[in-house]
>>> print(open('structure19.cif').read())   # mmCIF, C-alpha atoms and all ligand atoms
data_run
#
loop_
_atom_site.label_atom_id
_atom_site.label_comp_id
_atom_site.auth_asym_id
_atom_site.auth_seq_id
_atom_site.Cartn_x
_atom_site.Cartn_y
_atom_site.Cartn_z
CA MET A 236 25.79 9.18 26.93
CA ASP A 237 26.62 12.79 26.09
CA THR A 238 27.63 14.13 22.72
CA TYR A 239 31.26 14.35 23.71
CA LEU A 240 31.41 10.63 24.38
CA VAL A 241 29.62 9.73 21.16
CA GLY A 242 32.18 11.87 19.34
CA TYR A 243 34.94 10.12 21.21
CA PHE A 244 33.69 6.77 19.98
CA PHE A 245 33.67 8.04 16.44
CA LEU A 246 37.26 9.29 16.65
CA ALA A 247 38.54 6.22 18.45
CA THR A 248 37.02 3.58 16.21
CA SER A 249 36.32 5.41 12.93
CA ALA A 250 32.74 4.25 13.22
CA LEU A 251 29.55 5.86 14.41
CA ILE A 252 28.32 4.33 17.65
CA ASP A 253 24.95 5.34 19.11
CA PRO A 254 24.18 5.91 22.81
CA TYR A 255 23.13 2.25 23.17
CA GLY A 256 26.38 0.91 21.74
CA ARG A 257 24.96 0.06 18.30
CA LYS A 258 27.36 0.56 15.40
CA ILE A 259 25.69 2.69 12.74
CA ASP A 260 27.18 1.84 9.35
CA TYR A 261 24.10 1.84 7.12
CA LEU A 262 22.46 4.94 5.60
CA ARG A 263 19.19 4.99 3.70
CA ILE A 264 18.62 8.02 1.51
CA SER A 265 15.25 9.17 0.21
CA VAL A 266 16.10 11.01 -3.00
CA THR A 267 12.57 12.15 -3.76
CA ASP A 268 9.12 12.15 -2.16
CA ARG A 269 7.53 11.90 -5.61
CA CYS A 270 6.24 8.71 -7.09
CA ASP A 271 4.52 7.44 -10.23
CA PHE A 272 2.33 5.15 -8.06
CA ARG A 273 -0.10 5.90 -5.24
CA CYS A 274 -0.04 2.71 -3.17
CA THR A 275 -3.09 2.80 -0.91
CA TYR A 276 -1.11 2.05 2.27
CA CYS A 277 1.63 4.59 1.43
CA MET A 278 0.00 7.79 0.18
CA ASP A 279 -3.27 9.41 -0.82
CA GLU A 280 -4.12 10.07 -4.46
CA ASP A 281 -4.00 13.83 -3.87
CA VAL A 282 -0.80 13.97 -1.88
CA SER A 283 1.11 17.25 -2.12
CA PHE A 284 4.81 17.04 -2.88
CA LEU A 285 7.67 19.24 -1.71
CA SER A 286 8.94 22.05 -3.88
CA ARG A 287 12.37 21.95 -5.50
CA GLU A 288 13.78 24.46 -2.98
CA GLU A 289 12.66 22.32 -0.06
CA ILE A 290 14.49 19.19 -1.12
CA LEU A 291 18.20 18.47 -1.29
CA SER A 292 19.84 18.79 -4.68
CA LEU A 293 21.60 15.70 -6.01
CA GLU A 294 24.95 17.41 -5.33
CA GLU A 295 23.91 17.93 -1.69
CA ILE A 296 22.81 14.31 -1.39
CA VAL A 297 26.15 13.12 -2.77
CA HIS A 298 27.97 15.42 -0.31
CA VAL A 299 26.09 13.95 2.68
CA ALA A 300 26.62 10.40 1.41
CA LYS A 301 30.36 10.93 0.96
CA THR A 302 30.62 12.46 4.43
CA PHE A 303 28.89 9.43 5.94
CA ILE A 304 31.21 7.09 4.03
CA SER A 305 34.23 9.00 5.38
CA MET A 306 32.76 8.36 8.87
CA GLY A 307 32.56 4.60 8.43
CA THR A 308 29.29 4.01 6.56
CA LYS A 309 29.65 0.78 4.58
CA ARG A 310 26.23 0.42 2.97
CA ILE A 311 23.89 2.94 1.42
CA ARG A 312 20.39 2.28 0.09
CA ILE A 313 18.78 4.73 -2.33
CA THR A 314 15.03 4.90 -1.94
CA GLY A 315 12.12 7.34 -1.94
CA GLY A 316 9.32 7.98 -3.12
CA GLU A 317 10.29 6.32 -6.33
CA PRO A 318 14.03 6.95 -6.66
CA LEU A 319 14.15 6.16 -10.37
CA VAL A 320 11.79 9.00 -11.30
CA ARG A 321 14.24 11.61 -10.01
CA LYS A 322 15.98 13.31 -12.93
CA ASN A 323 19.71 12.47 -13.25
CA ILE A 324 19.56 9.97 -10.40
CA LEU A 325 22.03 7.72 -12.24
CA TRP A 326 24.65 10.45 -11.89
CA ALA A 327 24.23 10.57 -8.11
CA ILE A 328 24.20 6.78 -7.83
CA GLU A 329 27.45 6.53 -9.77
CA GLN A 330 29.10 9.23 -7.64
CA ILE A 331 28.14 7.50 -4.39
CA ALA A 332 28.82 3.93 -5.56
CA ASN A 333 32.36 4.81 -6.59
CA THR A 334 33.36 6.41 -3.29
CA ASP A 335 36.26 4.63 -1.56
CA GLY A 336 35.16 2.87 1.61
CA LEU A 337 31.61 2.06 0.52
CA GLU A 338 31.04 -1.68 0.31
CA GLU A 339 27.58 -1.71 -1.19
CA LEU A 340 25.11 0.58 -2.91
CA THR A 341 21.58 -0.80 -3.18
CA ILE A 342 18.21 0.60 -4.21
CA THR A 343 14.55 0.00 -3.42
CA THR A 344 12.21 0.63 -6.34
CA ASN A 345 8.64 -0.03 -7.40
CA GLY A 346 10.11 -1.49 -10.59
CA SER A 347 8.28 0.78 -13.04
CA GLN A 348 11.49 2.09 -14.65
CA LEU A 349 13.57 -1.07 -14.56
CA TYR A 350 12.59 -2.20 -18.05
CA LYS A 351 14.73 0.68 -19.37
CA MET A 352 17.13 1.39 -16.47
CA ALA A 353 18.24 -2.02 -15.14
CA GLN A 354 21.44 -2.13 -17.21
CA ASP A 355 22.28 1.51 -16.37
CA LEU A 356 21.88 0.79 -12.66
CA LEU A 357 24.25 -2.16 -12.90
CA ASN A 358 26.76 -0.04 -14.83
CA ALA A 359 26.46 2.76 -12.26
CA GLY A 360 27.47 0.40 -9.44
CA VAL A 361 24.22 -0.83 -7.89
CA SER A 362 24.81 -4.33 -6.53
CA ARG A 363 21.39 -5.28 -5.13
CA ILE A 364 17.85 -4.20 -5.93
CA ASN A 365 14.72 -4.63 -3.82
CA ILE A 366 11.64 -4.48 -6.02
CA SER A 367 8.25 -3.90 -4.45
CA LEU A 368 5.45 -6.09 -5.76
CA ASP A 369 2.35 -6.81 -3.69
CA THR A 370 0.30 -8.84 -6.17
CA LEU A 371 0.52 -10.86 -9.37
CA LYS A 372 -2.97 -9.88 -10.51
CA ALA A 373 -3.22 -6.89 -12.86
CA ASP A 374 -6.61 -5.71 -11.60
CA ARG A 375 -5.50 -5.98 -7.98
CA PHE A 376 -2.26 -4.19 -8.83
CA TYR A 377 -4.34 -1.32 -10.15
CA ALA A 378 -6.46 -1.28 -7.00
CA LEU A 379 -3.39 -1.28 -4.73
CA THR A 380 -1.19 1.20 -6.63
CA ARG A 381 -3.94 3.22 -8.35
CA ARG A 382 -1.86 2.93 -11.52
CA ASP A 383 -2.14 0.62 -14.54
CA LYS A 384 1.51 -0.41 -14.73
CA PHE A 385 1.49 -4.08 -13.76
CA GLN A 386 2.98 -5.38 -17.02
CA GLN A 387 5.60 -2.61 -17.03
CA VAL A 388 6.76 -3.73 -13.57
CA ILE A 389 6.82 -7.40 -14.56
CA ASN A 390 8.87 -6.49 -17.66
CA GLY A 391 11.26 -4.58 -15.41
CA ILE A 392 11.66 -7.51 -13.03
CA GLU A 393 12.35 -9.84 -15.97
CA ALA A 394 14.91 -7.36 -17.37
CA ALA A 395 16.74 -7.10 -14.04
CA SER A 396 16.70 -10.87 -13.55
CA GLN A 397 18.67 -11.31 -16.79
CA LEU A 398 21.55 -9.19 -15.46
CA PRO A 399 24.38 -10.15 -13.07
CA PHE A 400 23.21 -8.20 -9.99
CA LYS A 401 24.59 -9.63 -6.77
CA ARG A 402 21.07 -10.08 -5.48
CA LEU A 403 17.48 -9.24 -6.35
CA LYS A 404 14.67 -9.34 -3.85
CA ILE A 405 10.92 -8.86 -4.03
CA ASN A 406 9.32 -6.88 -1.17
CA SER A 407 5.61 -7.48 -0.56
CA VAL A 408 3.54 -5.62 2.01
CA MET A 409 0.94 -8.12 3.15
CA LEU A 410 -2.60 -6.87 3.68
CA LYS A 411 -5.29 -9.06 5.13
CA ASN A 412 -8.19 -9.60 2.69
CA HIS A 413 -6.33 -7.72 -0.04
CA ASN A 414 -3.44 -9.92 -1.08
CA ASP A 415 -2.95 -12.57 1.62
CA ASP A 416 -4.32 -15.23 -0.74
CA GLU A 417 -1.19 -14.67 -2.88
CA LEU A 418 1.50 -15.52 -0.35
CA TYR A 419 2.46 -18.75 -2.09
CA ASP A 420 2.17 -17.33 -5.63
CA LEU A 421 4.38 -14.35 -4.77
CA ALA A 422 6.96 -16.56 -3.06
CA GLN A 423 7.04 -18.97 -5.99
CA PHE A 424 7.28 -16.06 -8.46
CA ALA A 425 10.45 -14.90 -6.68
CA LEU A 426 11.99 -18.34 -6.21
CA ASP A 427 11.37 -19.24 -9.90
CA ARG A 428 13.39 -16.15 -10.88
CA LYS A 429 16.21 -16.87 -8.44
CA MET A 430 15.21 -14.00 -6.21
CA ASP A 431 14.60 -13.77 -2.47
CA ILE A 432 11.35 -12.35 -1.13
CA SER A 433 10.47 -10.44 2.05
CA PHE A 434 6.95 -10.11 3.35
CA ILE A 435 6.48 -6.85 5.27
CA GLU A 436 4.09 -6.00 8.10
CA GLU A 437 2.42 -2.67 7.38
CA MET A 438 3.57 0.25 9.53
CA PRO A 439 1.39 3.18 10.67
CA LEU A 440 3.25 5.98 8.88
CA GLY A 441 1.14 8.96 7.88
CA ILE A 442 -2.65 9.33 7.90
CA ILE A 443 -4.32 7.87 4.83
CA THR A 444 -7.98 8.57 4.27
CA ASP A 445 -9.37 5.48 2.54
CA HIS A 446 -7.25 2.74 4.11
CA ASN A 447 -7.79 1.09 7.51
CA ARG A 448 -4.41 -0.16 8.69
CA ALA A 449 -5.73 -2.06 11.70
CA ALA A 450 -8.19 -4.01 9.51
CA THR A 451 -5.53 -5.03 6.98
CA TYR A 452 -2.79 -5.94 9.45
CA LEU A 453 -1.33 -9.42 8.92
CA SER A 454 1.43 -10.66 11.21
CA SER A 455 4.56 -12.29 9.87
CA ASP A 456 3.83 -15.34 12.05
CA ASP A 457 0.63 -15.83 10.03
CA VAL A 458 2.65 -15.44 6.83
CA ILE A 459 5.16 -18.10 7.86
CA GLU A 460 2.41 -20.44 9.05
CA THR A 461 0.68 -20.24 5.66
CA LEU A 462 3.88 -20.67 3.68
CA SER A 463 4.91 -23.64 5.82
CA GLN A 464 1.98 -25.51 4.28
CA HIS A 465 3.77 -25.23 0.92
CA TYR A 466 7.47 -25.21 1.79
CA ASP A 467 9.82 -26.82 4.26
CA LEU A 468 11.12 -23.65 5.98
CA THR A 469 14.08 -23.51 8.35
CA PRO A 470 15.16 -20.28 10.10
CA SER A 471 18.35 -19.02 8.46
CA SER A 472 21.19 -17.10 10.07
CA MET A 473 21.60 -14.99 6.91
CA THR A 474 21.54 -11.22 7.43
CA THR A 475 21.83 -8.51 4.80
CA SER A 476 22.19 -5.52 7.12
CA GLY A 477 18.41 -5.07 7.07
CA PRO A 478 15.67 -6.11 9.53
CA THR A 479 14.54 -9.20 7.57
CA SER A 480 14.48 -12.61 9.32
CA TYR A 481 15.15 -15.21 6.65
CA TYR A 482 14.07 -18.81 6.18
CA GLN A 483 15.88 -21.38 4.09
CA VAL A 484 13.48 -23.04 1.63
CA ALA A 485 14.17 -26.75 1.12
CA GLY A 486 15.01 -27.43 -2.54
CA HIS A 487 15.69 -23.75 -3.35
CA ASP A 488 18.83 -21.59 -3.23
CA HIS A 489 16.86 -18.44 -2.44
CA LYS A 490 15.16 -17.41 0.74
CA ILE A 491 11.85 -16.25 2.12
CA GLY A 492 11.98 -13.51 4.74
CA VAL A 493 9.71 -11.50 6.97
CA ILE A 494 10.03 -7.93 8.24
CA SER A 495 8.10 -7.70 11.50
CA PRO A 496 8.16 -4.20 12.99
CA HIS A 497 5.04 -5.03 15.05
CA SER A 498 5.28 -8.64 16.06
CA HIS A 499 9.04 -9.04 16.55
CA ASN A 500 10.79 -5.82 17.45
CA PHE A 501 14.24 -5.74 15.84
CA CYS A 502 15.50 -2.45 17.28
CA ASP A 503 18.28 -4.03 19.35
CA THR A 504 20.21 -4.75 16.15
CA CYS A 505 19.44 -1.42 14.46
CA ASN A 506 22.44 -0.28 12.44
CA ARG A 507 20.94 2.51 10.36
CA VAL A 508 19.87 6.11 10.05
CA ARG A 509 17.88 7.78 7.28
CA LEU A 510 18.35 10.96 5.30
CA THR A 511 14.98 12.37 4.30
CA VAL A 512 14.46 14.15 1.03
CA GLU A 513 14.26 17.43 2.95
CA GLY A 514 17.72 16.86 4.38
CA ARG A 515 16.70 15.78 7.86
CA LEU A 516 18.73 13.03 9.43
CA LEU A 517 16.12 10.72 10.90
CA LEU A 518 17.39 8.53 13.70
CA CYS A 519 14.49 6.04 13.75
CA LEU A 520 11.65 5.19 11.35
CA GLY A 521 9.17 4.92 14.22
CA ASN A 522 10.11 8.12 16.09
CA ASP A 523 10.46 11.78 15.22
CA HIS A 524 14.00 12.30 16.54
CA SER A 525 15.88 14.06 13.76
CA LYS A 526 18.36 16.78 12.93
CA ASP A 527 18.21 19.23 10.05
CA LEU A 528 21.32 18.84 7.90
CA LYS A 529 20.05 20.94 4.98
CA ASP A 530 20.60 24.27 6.71
CA ILE A 531 24.02 23.16 7.86
CA ILE A 532 25.07 22.17 4.34
CA ARG A 533 23.69 25.37 2.80
CA ASN A 534 25.11 27.70 5.44
CA THR A 535 28.58 26.22 5.62
CA SER A 536 29.37 25.92 1.89
CA HIS A 537 29.72 22.14 2.05
CA ASP A 538 32.26 22.26 4.90
CA ALA A 539 32.76 18.58 5.80
CA THR A 540 33.91 19.14 9.40
CA THR A 541 30.77 21.03 10.41
CA LEU A 542 28.61 18.37 8.80
CA GLU A 543 30.53 15.61 10.58
CA SER A 544 29.99 17.33 13.94
CA ALA A 545 26.27 17.67 13.22
CA ILE A 546 26.02 13.97 12.37
CA ILE A 547 27.81 13.02 15.59
CA ASP A 548 25.51 15.33 17.61
CA ALA A 549 22.46 13.82 15.90
CA LEU A 550 23.47 10.28 16.80
CA ALA A 551 23.06 11.12 20.47
CA LEU A 552 19.31 11.49 19.70
CA LYS A 553 18.86 7.94 18.42
CA PRO A 554 16.12 6.30 20.51
CA LEU A 555 16.29 2.76 21.81
CA GLN A 556 13.27 1.49 19.88
CA HIS A 557 10.06 2.23 18.01
CA HIS A 558 6.51 1.69 19.31
CA PHE A 559 3.86 1.06 16.67
CA ASN A 560 0.19 0.68 17.59
CA LEU A 561 -2.28 0.16 14.75
CA ASP A 562 -5.31 0.76 16.96
CA GLU A 563 -4.32 4.34 17.73
CA ALA A 564 -4.11 7.32 15.40
CA PRO A 565 -0.63 7.30 13.81
CA GLN A 566 1.94 8.98 16.01
CA ILE A 567 4.23 9.44 13.02
CA LEU A 568 2.66 11.80 10.53
CA ARG A 569 5.27 11.58 7.80
CA PHE A 570 4.68 9.06 5.00
CA MET A 571 7.08 6.25 4.22
CA SER A 572 7.66 7.91 0.83
CA ALA A 573 9.13 11.06 2.41
CA THR A 574 11.12 9.09 4.91
CA GLY A 575 12.97 6.62 2.74
CA GLY A 576 11.31 3.24 3.27
N1 LIG B 1 8.84 3.50 -4.26
C1 LIG B 1 9.77 2.50 -3.90
C2 LIG B 1 9.07 1.19 -3.64
O1 LIG B 1 7.85 1.15 -3.57
O2 LIG B 1 9.80 0.19 -3.52
C3 LIG B 1 10.64 2.85 -2.73
C4 LIG B 1 10.00 3.56 -1.57
S1 LIG B 1 8.74 2.63 -0.73
C5 LIG B 1 8.28 3.78 0.49
C6 LIG B 1 9.72 1.41 0.08
C7 LIG B 1 8.97 0.23 0.63
O3 LIG B 1 8.14 0.68 1.68
C8 LIG B 1 8.07 -0.48 -0.36
O4 LIG B 1 8.37 -1.86 -0.35
C9 LIG B 1 6.68 -0.23 0.17
O5 LIG B 1 5.83 -1.29 -0.11
C10 LIG B 1 6.95 -0.05 1.64
N2 LIG B 1 5.94 0.71 2.38
C11 LIG B 1 5.37 1.88 2.06
N3 LIG B 1 4.51 2.29 3.03
C12 LIG B 1 4.55 1.32 3.98
C13 LIG B 1 3.90 1.14 5.22
N4 LIG B 1 3.04 2.02 5.71
N5 LIG B 1 4.19 0.03 5.95
C14 LIG B 1 5.08 -0.90 5.49
N6 LIG B 1 5.74 -0.78 4.32
C15 LIG B 1 5.46 0.31 3.57
FE1 LIG B 2 5.31 4.98 -4.41
FE2 LIG B 2 6.74 3.10 -3.20
FE3 LIG B 2 4.90 4.54 -1.83
FE4 LIG B 2 4.07 2.80 -3.62
S1 LIG B 2 5.22 2.33 -1.76
S2 LIG B 2 3.35 4.93 -3.43
S3 LIG B 2 5.63 2.89 -5.14
S4 LIG B 2 6.76 5.31 -2.72
#
>>> encode(input="structure19.cif", output="structure tokens")
Amino acid sequence: MDTYLVGYFFLATSALIDPYGRKIDYLRISVTDRCDFRCTYCMDEDVSFLSREEILSLEEIVHVAKTFISMGTKRIRITGGEPLVRKNILWAIEQIANTDGLEELTITTNGSQLYKMAQDLLNAGVSRINISLDTLKADRFYALTRRDKFQQVINGIEAASQLPFKRLKINSVMLKNHNDDELYDLAQFALDRKMDISFIEEMPLGIITDHNRAATYLSSDDVIETLSQHYDLTPSSMTTSGPTSYYQVAGHDHKIGVISPHSHNFCDTCNRVRLTVEGRLLLCLGNDHSKDLKDIIRNTSHDATTLESAIIDALALKPLQHHFNLDEAPQILRFMSATGG
């Protein structure tokens, strides 16, 4: 489909439709590539970060978010890097959350700042939080994140669980021989706190020197098989605009889910695009198709019409699906932290 037709679909339906007929109403924004952790599967210890000039200002991020909302975006997720280490992030969250037309503002965080920011996030308009936690063992946490902040994260999770968020979810990347003996403990930790949990298959994003992705790969089928020994699991029809497939857990109100970019491709229901911290609109996590919005914003003095046209043009680049292969060198050289995981 050519750009003209994509534009036509936007004007006719007030929604962004990609060349394969998928309605794009979900934007994920990486607000920083920086992080207070160094998870072994995500980044090297000595990673170099972007300079201030290279990344979008918070005002620019809010401008892009508001433009997307005016074009039919209903859900926005703030992520990173670690979004809560960006200075004044609460200001940007509040600006975006209170924009007419947006139905939901959510964040993904490593949890390290929640012990002091959970209430502020609720007040700013965040409705759901995904908190990443790959282990319940302090020494293993240190090995996986290279930081000694296990108790700080647990305190943050407990603080958030006391507040009336619409939903809290734990995200765990499962790594064979690193944390796969904790599947049940992690699931029970979440269910005990009235949270859902998603187990994630690792994706080959960026080259990391001391981590072998192929050796640590664990499929979500293996995860479900192991958990079925502890719980009565029934596939659930619940969706939350993300790629998680959920299971109802007998005797519990909350759910166990799996995100399976390798074993069960979910691209046919893709509803999202990503704004990287450098201001590139990324059409697919597993491909490099993207369009630079930063130059457009900076050269057109925040003119909304030009930005809208660029977004419509970019949508024509959205590929049908991703192809991940853990046995080959990563095709995608950007890290999840720069992309907005
Ligand atoms: N720092 C925040 C956090 O950890 O939640 C937000 C950004 S982080 C990139 C978002 C999610 O991506 C986390 O749940 C993390 O575990 C996951 N992640 C990072 N690298 C990954 C990879 N290569 N494959 C699969 N998930 C990954
Ligand atoms: Fe930081 Fe999140 Fe990457 Fe871990 S997964 S290094 S917490 S951005």
>>> residues_near_ligand(input="structure19.cif", ligand="ligand LIG 2 (chain B)", cutoff="8 Å", atoms="all atoms listed in the file", output="ChimeraX atom specification")
/A:268-278,315-317,344-345,367,380,571-572,576
>>> residues_around(input="structure19.cif", residues="Thr341 of chain A", least_positions_apart="5", cutoff="7 Å", atoms="only C-alpha atoms", output="PyMOL selection string")
chain A and resi 311-313+361-364
>>> closest_residue(input="structure19.cif", among="A:Glu393, A:Glu437, A:Asp253, A:Asp281", to="ligand LIG 1 (chain B)", atoms="only C-alpha atoms and all ligand atoms")
A:Glu437
>>> closest_residue(input="structure19.cif", among="A:Ile252, A:Thr370, A:Asn358, A:His487", to="Ala549 of chain A", atoms="all atoms listed in the file")
A:Ile252
>>> axis_aligned_box(input="structure19.cif", around="segment 291-307 of chain A", padding_each_side="6 Å", output="JSON")
{"center_x": 26.2, "center_y": 11.7, "center_z": 1.4, "size_x": 28.0, "size_y": 26.2, "size_z": 26.9}
>>> closest_residue(input="structure19.cif", among="A:Tyr261, A:Tyr377, A:Tyr466, A:Phe434", to="ligand LIG 1 (chain B)", atoms="only C-alpha atoms and all ligand atoms")
A:Phe434
>>> closest_residue(input="structure19.cif", among="A:Leu421, A:Ile491, A:Leu403, A:Leu552", to="Thr343 of chain A", atoms="all atoms listed in the file")
A:Leu403
>>> residues_near_point(input="structure19.cif", point="(-4.8, -4.6, -4.0)", cutoff="12 Å", atoms="only C-alpha atoms", output="tab-separated table (two decimals) with C-alpha atoms, in the coordinates of the input")
chain	number	residue	atom	x	y	z
A	273	ARG	CA	-0.10	5.90	-5.24
A	274	CYS	CA	-0.04	2.71	-3.17
A	275	THR	CA	-3.09	2.80	-0.91
A	276	TYR	CA	-1.11	2.05	2.27
A	368	LEU	CA	5.45	-6.09	-5.76
A	369	ASP	CA	2.35	-6.81	-3.69
A	370	THR	CA	0.30	-8.84	-6.17
A	371	LEU	CA	0.52	-10.86	-9.37
A	372	LYS	CA	-2.97	-9.88	-10.51
A	373	ALA	CA	-3.22	-6.89	-12.86
A	374	ASP	CA	-6.61	-5.71	-11.60
A	375	ARG	CA	-5.50	-5.98	-7.98
A	376	PHE	CA	-2.26	-4.19	-8.83
A	377	TYR	CA	-4.34	-1.32	-10.15
A	378	ALA	CA	-6.46	-1.28	-7.00
A	379	LEU	CA	-3.39	-1.28	-4.73
A	380	THR	CA	-1.19	1.20	-6.63
A	381	ARG	CA	-3.94	3.22	-8.35
A	382	ARG	CA	-1.86	2.93	-11.52
A	385	PHE	CA	1.49	-4.08	-13.76
A	407	SER	CA	5.61	-7.48	-0.56
A	408	VAL	CA	3.54	-5.62	2.01
A	409	MET	CA	0.94	-8.12	3.15
A	410	LEU	CA	-2.60	-6.87	3.68
A	411	LYS	CA	-5.29	-9.06	5.13
A	412	ASN	CA	-8.19	-9.60	2.69
A	413	HIS	CA	-6.33	-7.72	-0.04
A	414	ASN	CA	-3.44	-9.92	-1.08
A	415	ASP	CA	-2.95	-12.57	1.62
A	416	ASP	CA	-4.32	-15.23	-0.74
A	417	GLU	CA	-1.19	-14.67	-2.88
A	446	HIS	CA	-7.25	2.74	4.11
A	451	THR	CA	-5.53	-5.03	6.98
>>> closest_residue(input="structure19.cif", among="A:Lys309, A:His489, A:Lys351, A:Lys404", to="ligand LIG 1 (chain B)", atoms="only C-alpha atoms and all ligand atoms")
A:Lys404
>>> atom_distance(input="structure19.cif", atom1="atom CA of Leu319 of chain A", atom2="atom CA of Ala332 of chain A")
15.6 Å
>>> closest_residue(input="structure19.cif", among="A:Glu436, A:Asp538, A:Asp548, A:Glu288", to="ligand LIG 1 (chain B)", atoms="all atoms listed in the file")
A:Glu436
>>> residues_around(input="structure19.cif", residues="Ala353 of chain A", least_positions_apart="2", cutoff="10 Å", atoms="only C-alpha atoms", output="number ranges by chain")
A: 346, 348-351, 355-359, 361, 364, 391-398, 400
>>> atom_distance(input="structure19.cif", atom1="atom C15 of ligand LIG 1 (chain B)", atom2="atom CA of Thr302 of chain A")
28.0 Å
>>> atom_distance(input="structure19.cif", atom1="atom CA of Arg448 of chain A", atom2="atom C14 of ligand LIG 1 (chain B)")
10.0 Å
